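> One file: protein03.csv (CSV, C-alpha atoms).
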chain,number,residue,atom,x,y,z
A,1,MET,CA,-48.7,46.9,-77.7
A,2,GLN,CA,-52.1,47.9,-76.4
A,3,ARG,CA,-53.5,44.7,-77.7
A,4,ILE,CA,-50.9,42.7,-75.8
A,5,LEU,CA,-51.5,44.7,-72.6
A,6,ARG,CA,-55.3,44.1,-72.9
A,7,ALA,CA,-54.7,40.4,-73.4
A,8,LEU,CA,-52.4,40.2,-70.4
A,9,ARG,CA,-55.0,42.0,-68.2
A,10,ALA,CA,-57.7,39.6,-69.4
A,11,LEU,CA,-55.4,36.6,-68.6
A,12,GLY,CA,-54.8,38.1,-65.2
A,13,ALA,CA,-58.5,38.6,-64.5
A,14,LEU,CA,-59.2,35.0,-65.5
A,15,ALA,CA,-56.4,33.8,-63.2
A,16,LEU,CA,-57.9,35.8,-60.3
A,17,LEU,CA,-61.3,34.4,-61.0
A,18,GLY,CA,-59.8,30.9,-61.1
A,19,ALA,CA,-58.0,31.4,-57.8
A,20,ALA,CA,-61.2,32.8,-56.2
A,21,GLY,CA,-63.1,29.8,-57.5
A,22,ALA,CA,-60.5,27.4,-56.1
A,23,ALA,CA,-60.6,29.1,-52.7
A,24,GLN,CA,-64.4,28.8,-52.6
A,25,ALA,CA,-64.3,25.2,-53.7
A,26,ALA,CA,-61.8,24.5,-50.9
A,27,TYR,CA,-64.4,25.0,-48.2
A,28,PRO,CA,-64.3,23.2,-45.9
A,29,ASP,CA,-60.7,22.1,-45.7
A,30,LYS,CA,-60.6,21.6,-41.9
A,31,PRO,CA,-63.1,20.4,-39.2
A,32,VAL,CA,-66.3,22.5,-38.6
A,33,ARG,CA,-67.4,23.2,-35.1
A,34,LEU,CA,-71.1,23.2,-34.2
A,35,ILE,CA,-71.5,25.1,-30.9
A,36,VAL,CA,-74.4,24.0,-28.6
A,37,PRO,CA,-75.3,26.6,-26.0
A,38,TYR,CA,-76.5,23.9,-23.6
A,39,ALA,CA,-74.9,21.1,-21.6
A,40,ALA,CA,-74.5,17.7,-23.2
A,41,GLY,CA,-77.4,15.3,-23.2
A,42,GLY,CA,-80.4,17.6,-23.7
A,43,GLY,CA,-82.6,17.9,-26.7
A,44,THR,CA,-80.6,20.6,-28.4
A,45,ASP,CA,-77.4,18.6,-28.0
A,46,THR,CA,-79.1,15.4,-29.2
A,47,ALA,CA,-80.3,17.1,-32.4
A,48,ALA,CA,-77.0,18.8,-33.0
A,49,ARG,CA,-75.1,15.5,-32.7
A,50,MET,CA,-77.4,13.7,-35.2
A,51,ILE,CA,-77.0,16.5,-37.7
A,52,ALA,CA,-73.3,16.6,-37.2
A,53,ARG,CA,-72.9,12.9,-37.7
A,54,LYS,CA,-74.8,13.0,-41.0
A,55,LEU,CA,-73.3,16.3,-42.2
A,56,ALA,CA,-69.7,15.3,-41.9
A,57,PRO,CA,-69.5,12.9,-44.8
A,58,LEU,CA,-71.4,15.4,-47.0
A,59,LEU,CA,-68.8,18.1,-46.2
A,60,GLY,CA,-65.9,15.7,-46.3
A,61,GLN,CA,-64.7,17.0,-42.9
A,62,PRO,CA,-65.5,16.2,-39.3
A,63,VAL,CA,-68.3,18.2,-37.7
A,64,VAL,CA,-67.4,18.6,-34.0
A,65,VAL,CA,-70.1,19.4,-31.5
A,66,GLU,CA,-68.9,21.6,-28.6
A,67,ASN,CA,-71.1,22.5,-25.6
A,68,LYS,CA,-70.8,26.0,-24.2
A,69,PRO,CA,-73.8,26.3,-21.8
A,70,GLY,CA,-74.8,29.2,-19.6
A,71,GLY,CA,-76.7,32.4,-19.4
A,72,ALA,CA,-79.8,31.1,-21.0
A,73,THR,CA,-77.8,30.3,-24.2
A,74,GLN,CA,-76.0,33.7,-24.1
A,75,ILE,CA,-72.5,32.3,-23.6
A,76,GLY,CA,-72.5,29.9,-26.5
A,77,THR,CA,-74.4,32.4,-28.8
A,78,ALA,CA,-72.0,35.2,-28.0
A,79,TYR,CA,-69.0,32.9,-28.7
A,80,VAL,CA,-70.3,32.2,-32.2
A,81,ALA,CA,-71.3,35.8,-32.8
A,82,SER,CA,-67.7,36.9,-32.2
A,83,ALA,CA,-66.1,34.1,-34.2
A,84,ALA,CA,-64.4,34.5,-37.6
A,85,PRO,CA,-67.0,34.6,-40.3
A,86,ASP,CA,-65.5,31.7,-42.3
A,87,GLY,CA,-68.0,28.9,-41.9
A,88,TYR,CA,-65.9,26.9,-39.5
A,89,THR,CA,-67.8,28.0,-36.3
A,90,LEU,CA,-71.5,27.5,-36.3
A,91,LEU,CA,-74.3,27.7,-33.7
A,92,MET,CA,-77.1,25.3,-33.0
A,93,GLY,CA,-79.4,28.2,-32.3
A,94,THR,CA,-82.6,27.8,-30.2
A,95,ALA,CA,-85.8,29.8,-29.7
A,96,ASN,CA,-83.8,31.9,-27.2
A,97,LEU,CA,-82.6,33.8,-30.3
A,98,ALA,CA,-86.1,35.3,-30.3
A,99,THR,CA,-87.1,35.3,-26.6
A,100,ASN,CA,-83.8,36.6,-25.1
A,101,SER,CA,-84.1,39.6,-27.3
A,102,VAL,CA,-87.3,40.6,-25.6
A,103,LEU,CA,-86.5,39.3,-22.0
A,104,TYR,CA,-83.1,40.9,-21.5
A,105,ALA,CA,-82.3,44.6,-21.5
A,106,ARG,CA,-78.7,43.8,-22.5
A,107,LEU,CA,-77.2,41.0,-24.5
A,108,PRO,CA,-73.6,40.4,-25.5
A,109,TYR,CA,-74.7,40.1,-29.1
A,110,ASP,CA,-77.3,41.4,-31.6
A,111,VAL,CA,-79.1,38.6,-33.4
A,112,LYS,CA,-79.8,40.7,-36.5
A,113,LYS,CA,-76.3,42.3,-36.7
A,114,ASP,CA,-74.0,39.6,-35.4
A,115,LEU,CA,-75.5,36.3,-36.7
A,116,ALA,CA,-76.6,35.0,-40.1
A,117,PRO,CA,-79.3,32.3,-40.5
A,118,VAL,CA,-78.3,29.1,-42.2
A,119,ILE,CA,-81.3,26.8,-41.8
A,120,TRP,CA,-84.3,26.1,-39.6
A,121,ALA,CA,-83.6,22.5,-38.5
A,122,THR,CA,-86.5,21.3,-36.3
A,123,ASP,CA,-89.7,22.4,-34.7
A,124,VAL,CA,-90.6,21.0,-31.2
A,125,PRO,CA,-94.3,21.6,-30.2
A,126,VAL,CA,-95.3,22.4,-26.6
A,127,TYR,CA,-97.6,20.0,-24.8
A,128,LEU,CA,-100.0,20.5,-21.9
A,129,LEU,CA,-99.2,17.7,-19.4
A,130,LEU,CA,-100.8,16.3,-16.3
A,131,PRO,CA,-99.6,13.7,-13.8
A,132,ALA,CA,-101.1,10.2,-14.3
A,133,ALA,CA,-102.8,10.6,-10.9
A,134,SER,CA,-104.7,13.7,-11.9
A,135,PRO,CA,-108.5,13.3,-12.1
A,136,ALA,CA,-108.6,15.9,-14.9
A,137,ARG,CA,-109.2,14.4,-18.3
A,138,SER,CA,-110.0,17.4,-20.4
A,139,LEU,CA,-109.7,21.2,-20.7
A,140,GLU,CA,-113.2,21.5,-19.1
A,141,ASP,CA,-112.0,19.5,-16.1
A,142,LEU,CA,-109.1,21.9,-15.7
A,143,LYS,CA,-111.4,24.9,-15.8
A,144,ARG,CA,-113.6,23.4,-13.1
A,145,ALA,CA,-110.6,22.6,-10.9
A,146,ALA,CA,-109.2,26.1,-11.3
A,147,ALA,CA,-112.6,27.6,-10.4
A,148,GLN,CA,-112.8,25.4,-7.3
A,149,GLN,CA,-109.2,26.0,-6.2
A,150,GLN,CA,-108.9,29.6,-7.2
A,151,GLY,CA,-106.3,28.8,-9.8
A,152,LEU,CA,-103.7,26.1,-10.7
A,153,THR,CA,-100.0,25.8,-10.6
A,154,TYR,CA,-97.9,24.9,-13.6
A,155,ALA,CA,-94.3,23.9,-14.0
A,156,THR,CA,-91.8,24.6,-16.7
A,157,ALA,CA,-88.1,24.3,-17.3
A,158,GLY,CA,-87.5,28.0,-16.5
A,159,THR,CA,-88.7,31.5,-16.6
A,160,GLY,CA,-88.8,32.9,-20.1
A,161,SER,CA,-88.7,29.6,-21.9
A,162,ILE,CA,-91.2,28.9,-24.7
A,163,PRO,CA,-93.2,26.5,-22.5
A,164,HIS,CA,-93.4,29.3,-19.9
A,165,LEU,CA,-94.6,31.9,-22.4
A,166,ALA,CA,-97.0,29.4,-23.9
A,167,GLY,CA,-98.5,28.9,-20.4
A,168,GLU,CA,-99.0,32.6,-20.0
A,169,GLN,CA,-100.7,32.8,-23.4
A,170,PHE,CA,-102.9,29.8,-22.5
A,171,ALA,CA,-104.0,31.5,-19.2
A,172,HIS,CA,-104.8,34.7,-21.1
A,173,GLN,CA,-106.8,32.9,-23.8
A,174,THR,CA,-108.7,30.5,-21.5
A,175,GLY,CA,-109.2,32.7,-18.5
A,176,ILE,CA,-107.8,30.0,-16.2
A,177,ALA,CA,-105.8,31.5,-13.3
A,178,LEU,CA,-102.3,29.9,-13.4
A,179,ARG,CA,-99.3,30.4,-11.2
A,180,HIS,CA,-96.0,29.6,-12.8
A,181,ILE,CA,-93.5,27.5,-10.9
A,182,PRO,CA,-90.1,27.5,-12.7
A,183,TYR,CA,-87.6,24.7,-12.3
A,184,LYS,CA,-83.9,24.4,-13.4
A,185,GLY,CA,-84.8,22.0,-16.1
A,186,SER,CA,-87.4,19.7,-17.6
A,187,SER,CA,-86.4,16.7,-15.5
A,188,GLU,CA,-86.9,18.6,-12.3
A,189,ALA,CA,-90.2,20.0,-13.6
A,190,ALA,CA,-91.4,16.5,-14.6
A,191,THR,CA,-90.4,15.1,-11.2
A,192,ALA,CA,-92.4,17.8,-9.4
A,193,LEU,CA,-95.4,17.1,-11.6
A,194,VAL,CA,-95.3,13.4,-11.1
A,195,GLY,CA,-94.9,13.9,-7.4
A,196,GLY,CA,-97.9,16.2,-7.2
A,197,GLN,CA,-96.0,19.4,-6.2
A,198,VAL,CA,-97.6,21.1,-9.2
A,199,GLN,CA,-100.9,20.4,-11.0
A,200,MET,CA,-99.9,20.7,-14.6
A,201,SER,CA,-97.0,21.6,-16.9
A,202,PHE,CA,-96.1,22.9,-20.3
A,203,ASP,CA,-93.1,21.3,-21.9
A,204,ASN,CA,-91.7,19.9,-25.1
A,205,LEU,CA,-91.9,16.2,-25.6
A,206,PRO,CA,-88.3,15.1,-26.0
A,207,PRO,CA,-87.2,15.7,-22.4
A,208,VAL,CA,-90.3,14.0,-20.9
A,209,TYR,CA,-90.8,11.3,-23.5
A,210,ALA,CA,-89.8,8.5,-21.2
A,211,GLN,CA,-92.3,9.6,-18.6
A,212,VAL,CA,-95.1,9.8,-21.2
A,213,LYS,CA,-94.3,6.4,-22.6
A,214,GLU,CA,-94.2,4.9,-19.1
A,215,GLY,CA,-97.6,6.5,-18.3
A,216,ARG,CA,-96.4,8.7,-15.5
A,217,LEU,CA,-97.3,11.8,-17.4
A,218,ARG,CA,-100.4,12.3,-19.5
A,219,PRO,CA,-100.4,14.8,-22.4
A,220,ILE,CA,-103.9,16.2,-22.9
A,221,ALA,CA,-103.2,18.7,-25.7
A,222,ILE,CA,-100.5,19.7,-28.1
A,223,ALA,CA,-100.0,23.4,-29.1
A,224,ALA,CA,-99.5,22.6,-32.8
A,225,GLN,CA,-101.5,22.9,-36.0
A,226,ALA,CA,-101.8,19.2,-36.3
A,227,ARG,CA,-101.8,16.1,-34.0
A,228,ASN,CA,-98.6,14.1,-33.5
A,229,PRO,CA,-99.0,10.8,-35.5
A,230,ASP,CA,-97.1,9.0,-32.7
A,231,LEU,CA,-99.7,10.3,-30.1
A,232,PRO,CA,-102.8,10.4,-32.3
A,233,ASP,CA,-105.2,10.6,-29.3
A,234,VAL,CA,-103.8,13.9,-28.1
A,235,PRO,CA,-105.9,16.7,-29.6
A,236,THR,CA,-104.5,20.1,-30.6
A,237,LEU,CA,-105.4,23.1,-28.4
A,238,ALA,CA,-107.2,24.6,-31.4
A,239,GLU,CA,-109.5,21.5,-31.5
A,240,LEU,CA,-110.4,22.4,-27.9
A,241,GLY,CA,-111.2,26.0,-28.8
A,242,VAL,CA,-107.9,27.5,-27.7
A,243,PRO,CA,-106.1,29.2,-30.7
A,244,LEU,CA,-102.6,28.6,-29.4
A,245,SER,CA,-99.7,27.2,-31.3
A,246,ALA,CA,-96.3,27.3,-29.6
A,247,SER,CA,-93.1,25.4,-30.2
A,248,SER,CA,-89.5,25.5,-29.3
A,249,TRP,CA,-87.2,25.3,-32.3
A,250,TRP,CA,-83.6,24.8,-33.3
A,251,GLY,CA,-81.6,26.0,-36.3
A,252,VAL,CA,-78.1,26.6,-37.5
A,253,MET,CA,-76.6,30.1,-37.4
A,254,ALA,CA,-73.2,31.4,-38.6
A,255,PRO,CA,-71.4,34.6,-37.7
A,256,ALA,CA,-72.5,37.6,-39.7
A,257,GLY,CA,-70.4,38.2,-42.7
A,258,THR,CA,-69.9,34.5,-43.5
A,259,PRO,CA,-69.7,34.2,-47.4
A,260,LYS,CA,-73.0,33.6,-49.0
A,261,ASP,CA,-71.7,30.7,-51.0
A,262,VAL,CA,-70.6,29.0,-47.7
A,263,ILE,CA,-74.0,29.6,-46.2
A,264,ALA,CA,-75.6,28.2,-49.4
A,265,LEU,CA,-73.5,25.1,-49.3
A,266,LEU,CA,-74.3,24.4,-45.6
A,267,ASN,CA,-78.0,25.1,-46.2
A,268,ARG,CA,-78.0,22.6,-49.1
A,269,GLN,CA,-76.2,19.9,-47.3
A,270,ILE,CA,-78.2,20.2,-44.0
A,271,ASN,CA,-81.4,20.1,-46.1
A,272,THR,CA,-80.1,16.8,-47.4
A,273,VAL,CA,-79.5,15.6,-43.8
A,274,LEU,CA,-83.0,16.6,-42.7
A,275,ALA,CA,-84.5,14.7,-45.7
A,276,ASP,CA,-82.6,11.5,-44.7
A,277,PRO,CA,-85.2,8.8,-43.6
A,278,GLU,CA,-83.1,7.8,-40.6
A,279,VAL,CA,-82.8,11.4,-39.4
A,280,ARG,CA,-86.5,12.0,-39.9
A,281,SER,CA,-87.5,8.8,-38.1
A,282,TYR,CA,-85.1,9.6,-35.2
A,283,PHE,CA,-86.4,13.2,-34.8
A,284,THR,CA,-90.1,12.4,-35.1
A,285,GLY,CA,-89.7,9.5,-32.7
A,286,LEU,CA,-88.6,12.1,-30.1
A,287,GLY,CA,-91.4,14.5,-30.9
A,288,MET,CA,-89.3,16.7,-33.1
A,289,GLN,CA,-90.4,17.8,-36.5
A,290,PRO,CA,-87.6,18.2,-39.2
A,291,THR,CA,-88.1,21.5,-40.9
A,292,GLY,CA,-85.5,22.7,-43.4
A,293,GLY,CA,-85.9,25.4,-46.0
A,294,THR,CA,-83.9,28.5,-47.0
A,295,PRO,CA,-81.8,30.8,-44.9
A,296,GLU,CA,-84.3,33.6,-45.7
A,297,ALA,CA,-87.2,31.6,-44.4
A,298,PHE,CA,-85.4,30.9,-41.1
A,299,GLY,CA,-84.5,34.6,-40.8
A,300,ARG,CA,-88.2,35.5,-41.2
A,301,HIS,CA,-89.2,32.9,-38.6
A,302,ILE,CA,-86.8,34.3,-36.0
A,303,ALA,CA,-88.2,37.8,-36.7
A,304,ASP,CA,-91.8,36.6,-36.5
A,305,GLU,CA,-91.2,34.7,-33.2
A,306,THR,CA,-89.4,37.8,-31.7
A,307,ASP,CA,-92.5,40.0,-32.4
A,308,ARG,CA,-94.9,37.3,-31.2
A,309,TRP,CA,-93.3,36.6,-27.9
A,310,ARG,CA,-92.6,40.3,-27.3
A,311,ALA,CA,-96.3,40.8,-27.2
A,312,VAL,CA,-96.9,37.9,-24.8
A,313,VAL,CA,-94.0,39.1,-22.5
A,314,LYS,CA,-95.5,42.6,-22.4
A,315,GLN,CA,-99.1,41.3,-21.7
A,316,ALA,CA,-98.0,38.9,-19.0
A,317,GLY,CA,-95.4,41.2,-17.4
A,318,VAL,CA,-92.8,38.5,-17.5
A,319,LYS,CA,-89.5,39.7,-16.0
A,320,ILE,CA,-86.1,38.0,-15.8
A,321,GLU,CA,-83.8,38.6,-12.7
A,322,GLU,CA,-80.4,39.5,-14.2
I need this file expressed as structure tokens, please.

Amino acid sequence: MQRILRALRALGALALLGAAGAAQAAYPDKPVRLIVPYAAGGGTDTAARMIARKLAPLLGQPVVVENKPGGATQIGTAYVASAAPDGYTLLMGTANLATNSVLYARLPYDVKKDLAPVIWATDVPVYLLLPAASPARSLEDLKRAAAQQQGLTYATAGTGSIPHLAGEQFAHQTGIALRHIPYKGSSEAATALVGGQVQMSFDNLPPVYAQVKEGRLRPIAIAAQARNPDLPDVPTLAELGVPLSASSWWGVMAPAGTPKDVIALLNRQINTVLADPEVRSYFTGLGMQPTGGTPEAFGRHIADETDRWRAVVKQAGVKIEE
């Protein structure tokens, strides 16, 4: 009898394992939502839609991009942080995952406790830009102009953005007196720069790519470790003696508690997407650098960026009006 009971228990255990395996294999069995914490049409939205289009056939389910803008990405991020941890609601996270943690005293989520990294998708270096009409052609020209005019103004797409913080670090490292002029978005900042309302700007390439290609804006340096092959004449700031590397970035996050096998599957498939030649060509053509890697590497990147920008915010005394 004992032998029979042991055999029945073993069969029951095998049945449970089989059922669990079938449940795991079923993911996904319905559409997956990718939440973008910005309005449609921007760089984050563009990257998310490309990834979603290529990811859907790999998962065998639609990947639907939903825009939930507001609160410097807080609304969309909080939505995902409070979603069911089942892999069906994901976030196209941004560098705000790092900067918001050091700029705001209160957030409706905790990045470490409420979200789980899936994959670092793209890196988007910051550029130092001048209007085409500017007589300055080099960093030395800017230093001379700043000395003559007792400082220069620079535009960005908003207080607390990576370009803003990069500008603060640039001012600290070069000794150039800069006054930050924040705008509501990159298009407004670029318009002000072209119109001569400000003297320079820091921004990512995607939102100003058209103005650069048309010659209305002139990038004079990139805050990256290497030059952009599409703009080979633009030197890195390091080449000019300024040890500054700064970039916005995007990556996929899931609610904390999402099963590890689901995260592993998403990570594997999105890595496949990022290796797709069409995707790589599309991203690099817009000034984005496909990244990829493990969830653990993305988690370390977020932590490193949080520590790094915390120091800059403290040094520059950056404050957000809540």
> Determine the nearest neighbour of Ser281 (chain A) from the options A:Met50, A:Pro243, A:Asp307, A:Leu265, counting only C-alpha atoms.
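Between A:Met50, A:Pro243, A:Asp307, A:Leu265, the residue approaching Ser281 (chain A) most closely is A:Met50.
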> For each of A:Leu231, A:Ala78, A:Val111, A:Val279, take the minimum atom-to-atom distance to Lys213 (chain A), counting all atoms listed in the file, then give the residue where this is smallest.
A:Leu231
> Per residue of region 112-150 of chain A within 9 Å of region 249-254 of chain A, what are the shortest atom pair and its distance in Å to one decimal, counting all atoms listed in the file, with rows by chain and residue number, as CSV?

residue,atom,partner,partner_atom,distance
A:Asp114,CA,A:Ala254,CA,8.8
A:Leu115,CA,A:Ala254,CA,5.7
A:Ala116,CA,A:Ala254,CA,5.2
A:Pro117,CA,A:Met253,CA,4.7
A:Val118,CA,A:Met253,CA,5.2
A:Ile119,CA,A:Val252,CA,5.4
A:Trp120,CA,A:Gly251,CA,4.3
A:Ala121,CA,A:Gly251,CA,4.6
A:Thr122,CA,A:Trp250,CA,5.4
A:Asp123,CA,A:Trp249,CA,4.5
A:Val124,CA,A:Trp249,CA,5.6
A:Pro125,CA,A:Trp249,CA,8.3
> Go ahead and dump the residues you just picked, C-alpha atoms, as a PDB file, in the coordinates of the input.

ATOM      1  CA  ASP A 114     -74.000  39.600 -35.400  1.00  0.00           C
ATOM      2  CA  LEU A 115     -75.500  36.300 -36.700  1.00  0.00           C
ATOM      3  CA  ALA A 116     -76.600  35.000 -40.100  1.00  0.00           C
ATOM      4  CA  PRO A 117     -79.300  32.300 -40.500  1.00  0.00           C
ATOM      5  CA  VAL A 118     -78.300  29.100 -42.200  1.00  0.00           C
ATOM      6  CA  ILE A 119     -81.300  26.800 -41.800  1.00  0.00           C
ATOM      7  CA  TRP A 120     -84.300  26.100 -39.600  1.00  0.00           C
ATOM      8  CA  ALA A 121     -83.600  22.500 -38.500  1.00  0.00           C
ATOM      9  CA  THR A 122     -86.500  21.300 -36.300  1.00  0.00           C
ATOM     10  CA  ASP A 123     -89.700  22.400 -34.700  1.00  0.00           C
ATOM     11  CA  VAL A 124     -90.600  21.000 -31.200  1.00  0.00           C
ATOM     12  CA  PRO A 125     -94.300  21.600 -30.200  1.00  0.00           C
TER      13      PRO A 125
END
> Excluding Gln61 (chain A) and any residue of its chain fewer than 2 positions from it, enumerate the residues within 9 Å of it, using only C-alpha atoms, and give them as a PyMOL selection string.
chain A and resi 28-32+55-59+63
> Using only C-alpha atoms, which protein or nucleic acid residues come within 6 Å of region 148-156 of chain A? Drop anything in the same chain fewer than 3 positions from it, and give the result as a list in words.
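Result of the neighbour search: Ala145, His164, Ala177, Leu178, Arg179, His180, Ile181, Pro182, Ala189, Val198, Gln199, Met200, Ser201 and Phe202 of chain A.
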> Would you work out the distance separating CA of Gly287 (chain A) from CA of Arg216 (chain A), expressed in Å to one decimal?
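Spanning CA of Gly287 (chain A) to CA of Arg216 (chain A) is a straight-line distance of 17.2 Å.
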> With all atoms listed in the file as the basis for distance, which of A:Ala157, A:Val313, A:Ala132, A:Ala226 is at the shortest distance from Gly195 (chain A)?
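Result for the nearest residue to Gly195 (chain A): A:Ala132.
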> My list of candidates is A:Gly299, A:Gly241, A:Gly167, A:Gly93. Which is closest to Leu128 (chain A) when distances are computed with only C-alpha atoms?
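Checking each of A:Gly299, A:Gly241, A:Gly167, A:Gly93 against Leu128 (chain A), counting only C-alpha atoms, the winner is A:Gly167.
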> Which of these, A:Ala316, A:Ala26, A:Ala48, A:Ala210, has the shortest distance to Phe170 (chain A) once you count all atoms listed in the file?
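When distances to Phe170 (chain A) are compared using all atoms listed in the file, the smallest one comes from A:Ala316.
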